[in-house]
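> Okay, handing you the structure first.
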Amino acid sequence: MNVTEETHRLFHWVMTIQHGRGQLSTLANTVWLPHGTTRVEAFGMVQDHVRRTVGAADRLAILFFSLEPDQL
């Protein structure tokens with residue numbers, strides 16, 4: 001996939017989750033999203049990434065989510 005600022009926008013996200021036996025994790029990163037991506041789609045992409053990163057295949061509670069353009 002060819003990512004350019006003409007077709008995508010860089011966003012910064014933060015997600016805090018509770019998983020496993022009450023473990024808390026906060027993750028943050030950036031993601032390039034194509035123009036026209038909905039917030040629901042972006043949330044799903046971030047949630048899938050977080051789930052894979054922490055190895056939470058089953059139960060996962062989202063405690064906090066923030067998605068904002070990375071450019072100040």
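Within each chain, counting starts at residue 1; across the structure tokens, chains are named A, B, ... in the order shown, with ligands numbered 1 upward in that order.
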If you count only C-alpha atoms, which residues fall within 9 Å of Val31 of chain A, apart from same-chain ones fewer than 2 positions away, as a count of residues only?
9
> Within 10 Å of Val50 of chain A, counting only C-alpha atoms, which residues qualify if same-chain residues fewer than 4 places away don't, as a list in words?
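In the requested format, the answer is Met15, Thr16, Ile17, Ser25, Thr26, Leu27, Ala28, Gly44, Met45, Val46, Val54, Gly55, Ala56 and Leu60 of chain A.
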> Rank nothing, just name the residue among A:Glu68, A:His8, A:Arg59, A:Asn2 nearest to Thr37 of chain A, using only C-alpha atoms.
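Of the candidates, the smallest distance to Thr37 of chain A is held by A:His8.
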> So what do you get for atom CA of Gln18 of chain A versus atom CA of Ala61 of chain A, distance-wise?
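Between atom CA of Gln18 of chain A and atom CA of Ala61 of chain A the gap is 5.1 Å.
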> Between atom CA of Phe64 of chain A and atom CA of Asp48 of chain A, what distance in Å does the model show, to one decimal?
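These atoms are spaced 15.0 Å apart.
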> Just the helix (DSSP H, G or I) stuff from segment 16-61 of chain A, please, per backbone DSSP, written as a PyMOL selection string.
chain A and resi 39-54
> Can I get the selected residues back with N, CA and C atoms, as an mmCIF file, in the first residue's frame?

data_model
loop_
_atom_site.group_PDB
_atom_site.id
_atom_site.type_symbol
_atom_site.label_atom_id
_atom_site.label_comp_id
_atom_site.auth_asym_id
_atom_site.auth_seq_id
_atom_site.Cartn_x
_atom_site.Cartn_y
_atom_site.Cartn_z
ATOM 1 N N ARG A 39 -14.622 6.847 12.313
ATOM 2 C CA ARG A 39 -14.095 6.643 13.662
ATOM 3 C C ARG A 39 -14.331 5.202 14.114
ATOM 4 N N VAL A 40 -15.469 4.636 13.737
ATOM 5 C CA VAL A 40 -15.776 3.246 14.092
ATOM 6 C C VAL A 40 -14.756 2.300 13.454
ATOM 7 N N GLU A 41 -14.425 2.530 12.194
ATOM 8 C CA GLU A 41 -13.427 1.697 11.515
ATOM 9 C C GLU A 41 -12.062 1.839 12.184
ATOM 10 N N ALA A 42 -11.681 3.071 12.505
ATOM 11 C CA ALA A 42 -10.391 3.317 13.152
ATOM 12 C C ALA A 42 -10.349 2.637 14.520
ATOM 13 N N PHE A 43 -11.434 2.738 15.279
ATOM 14 C CA PHE A 43 -11.512 2.090 16.588
ATOM 15 C C PHE A 43 -11.296 0.586 16.447
ATOM 16 N N GLY A 44 -11.950 -0.026 15.474
ATOM 17 C CA GLY A 44 -11.800 -1.456 15.241
ATOM 18 C C GLY A 44 -10.371 -1.840 14.889
ATOM 19 N N MET A 45 -9.710 -1.029 14.050
ATOM 20 C CA MET A 45 -8.316 -1.301 13.683
ATOM 21 C C MET A 45 -7.406 -1.229 14.911
ATOM 22 N N VAL A 46 -7.599 -0.182 15.716
ATOM 23 C CA VAL A 46 -6.774 -0.014 16.913
ATOM 24 C C VAL A 46 -7.055 -1.138 17.905
ATOM 25 N N GLN A 47 -8.327 -1.469 18.109
ATOM 26 C CA GLN A 47 -8.682 -2.533 19.041
ATOM 27 C C GLN A 47 -8.060 -3.864 18.605
ATOM 28 N N ASP A 48 -8.107 -4.176 17.321
ATOM 29 C CA ASP A 48 -7.494 -5.414 16.818
ATOM 30 C C ASP A 48 -5.992 -5.419 17.074
ATOM 31 N N HIS A 49 -5.339 -4.275 16.836
ATOM 32 C CA HIS A 49 -3.895 -4.159 17.071
ATOM 33 C C HIS A 49 -3.572 -4.371 18.554
ATOM 34 N N VAL A 50 -4.331 -3.725 19.421
ATOM 35 C CA VAL A 50 -4.104 -3.839 20.861
ATOM 36 C C VAL A 50 -4.341 -5.278 21.319
ATOM 37 N N ARG A 51 -5.399 -5.884 20.829
ATOM 38 C CA ARG A 51 -5.722 -7.267 21.198
ATOM 39 C C ARG A 51 -4.574 -8.206 20.828
ATOM 40 N N ARG A 52 -4.017 -8.048 19.626
ATOM 41 C CA ARG A 52 -2.878 -8.876 19.196
ATOM 42 C C ARG A 52 -1.641 -8.577 20.032
ATOM 43 N N THR A 53 -1.403 -7.307 20.327
ATOM 44 C CA THR A 53 -0.202 -6.897 21.051
ATOM 45 C C THR A 53 -0.156 -7.478 22.461
ATOM 46 N N VAL A 54 -1.276 -7.445 23.152
ATOM 47 C CA VAL A 54 -1.302 -7.944 24.539
ATOM 48 C C VAL A 54 -1.700 -9.413 24.618
#
> Tell me which of A:Gly20, A:Thr30, A:Ala57, A:His35 sits closest to Thr4 of chain A, counting only C-alpha atoms.
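Closest to Thr4 of chain A, using only C-alpha atoms: A:His35.
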> Using the chain letters and numbers from this document, which residues of chain A does DSSP assign to strand (DSSP E or B), as a PyMOL selection string?
chain A and resi 8-19+23-34+60-69
> Quick one, how far is atom CA of Val3 of chain A from atom CA of Ile62 of chain A?
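Atom CA of Ile62 of chain A lies 28.7 Å from atom CA of Val3 of chain A.
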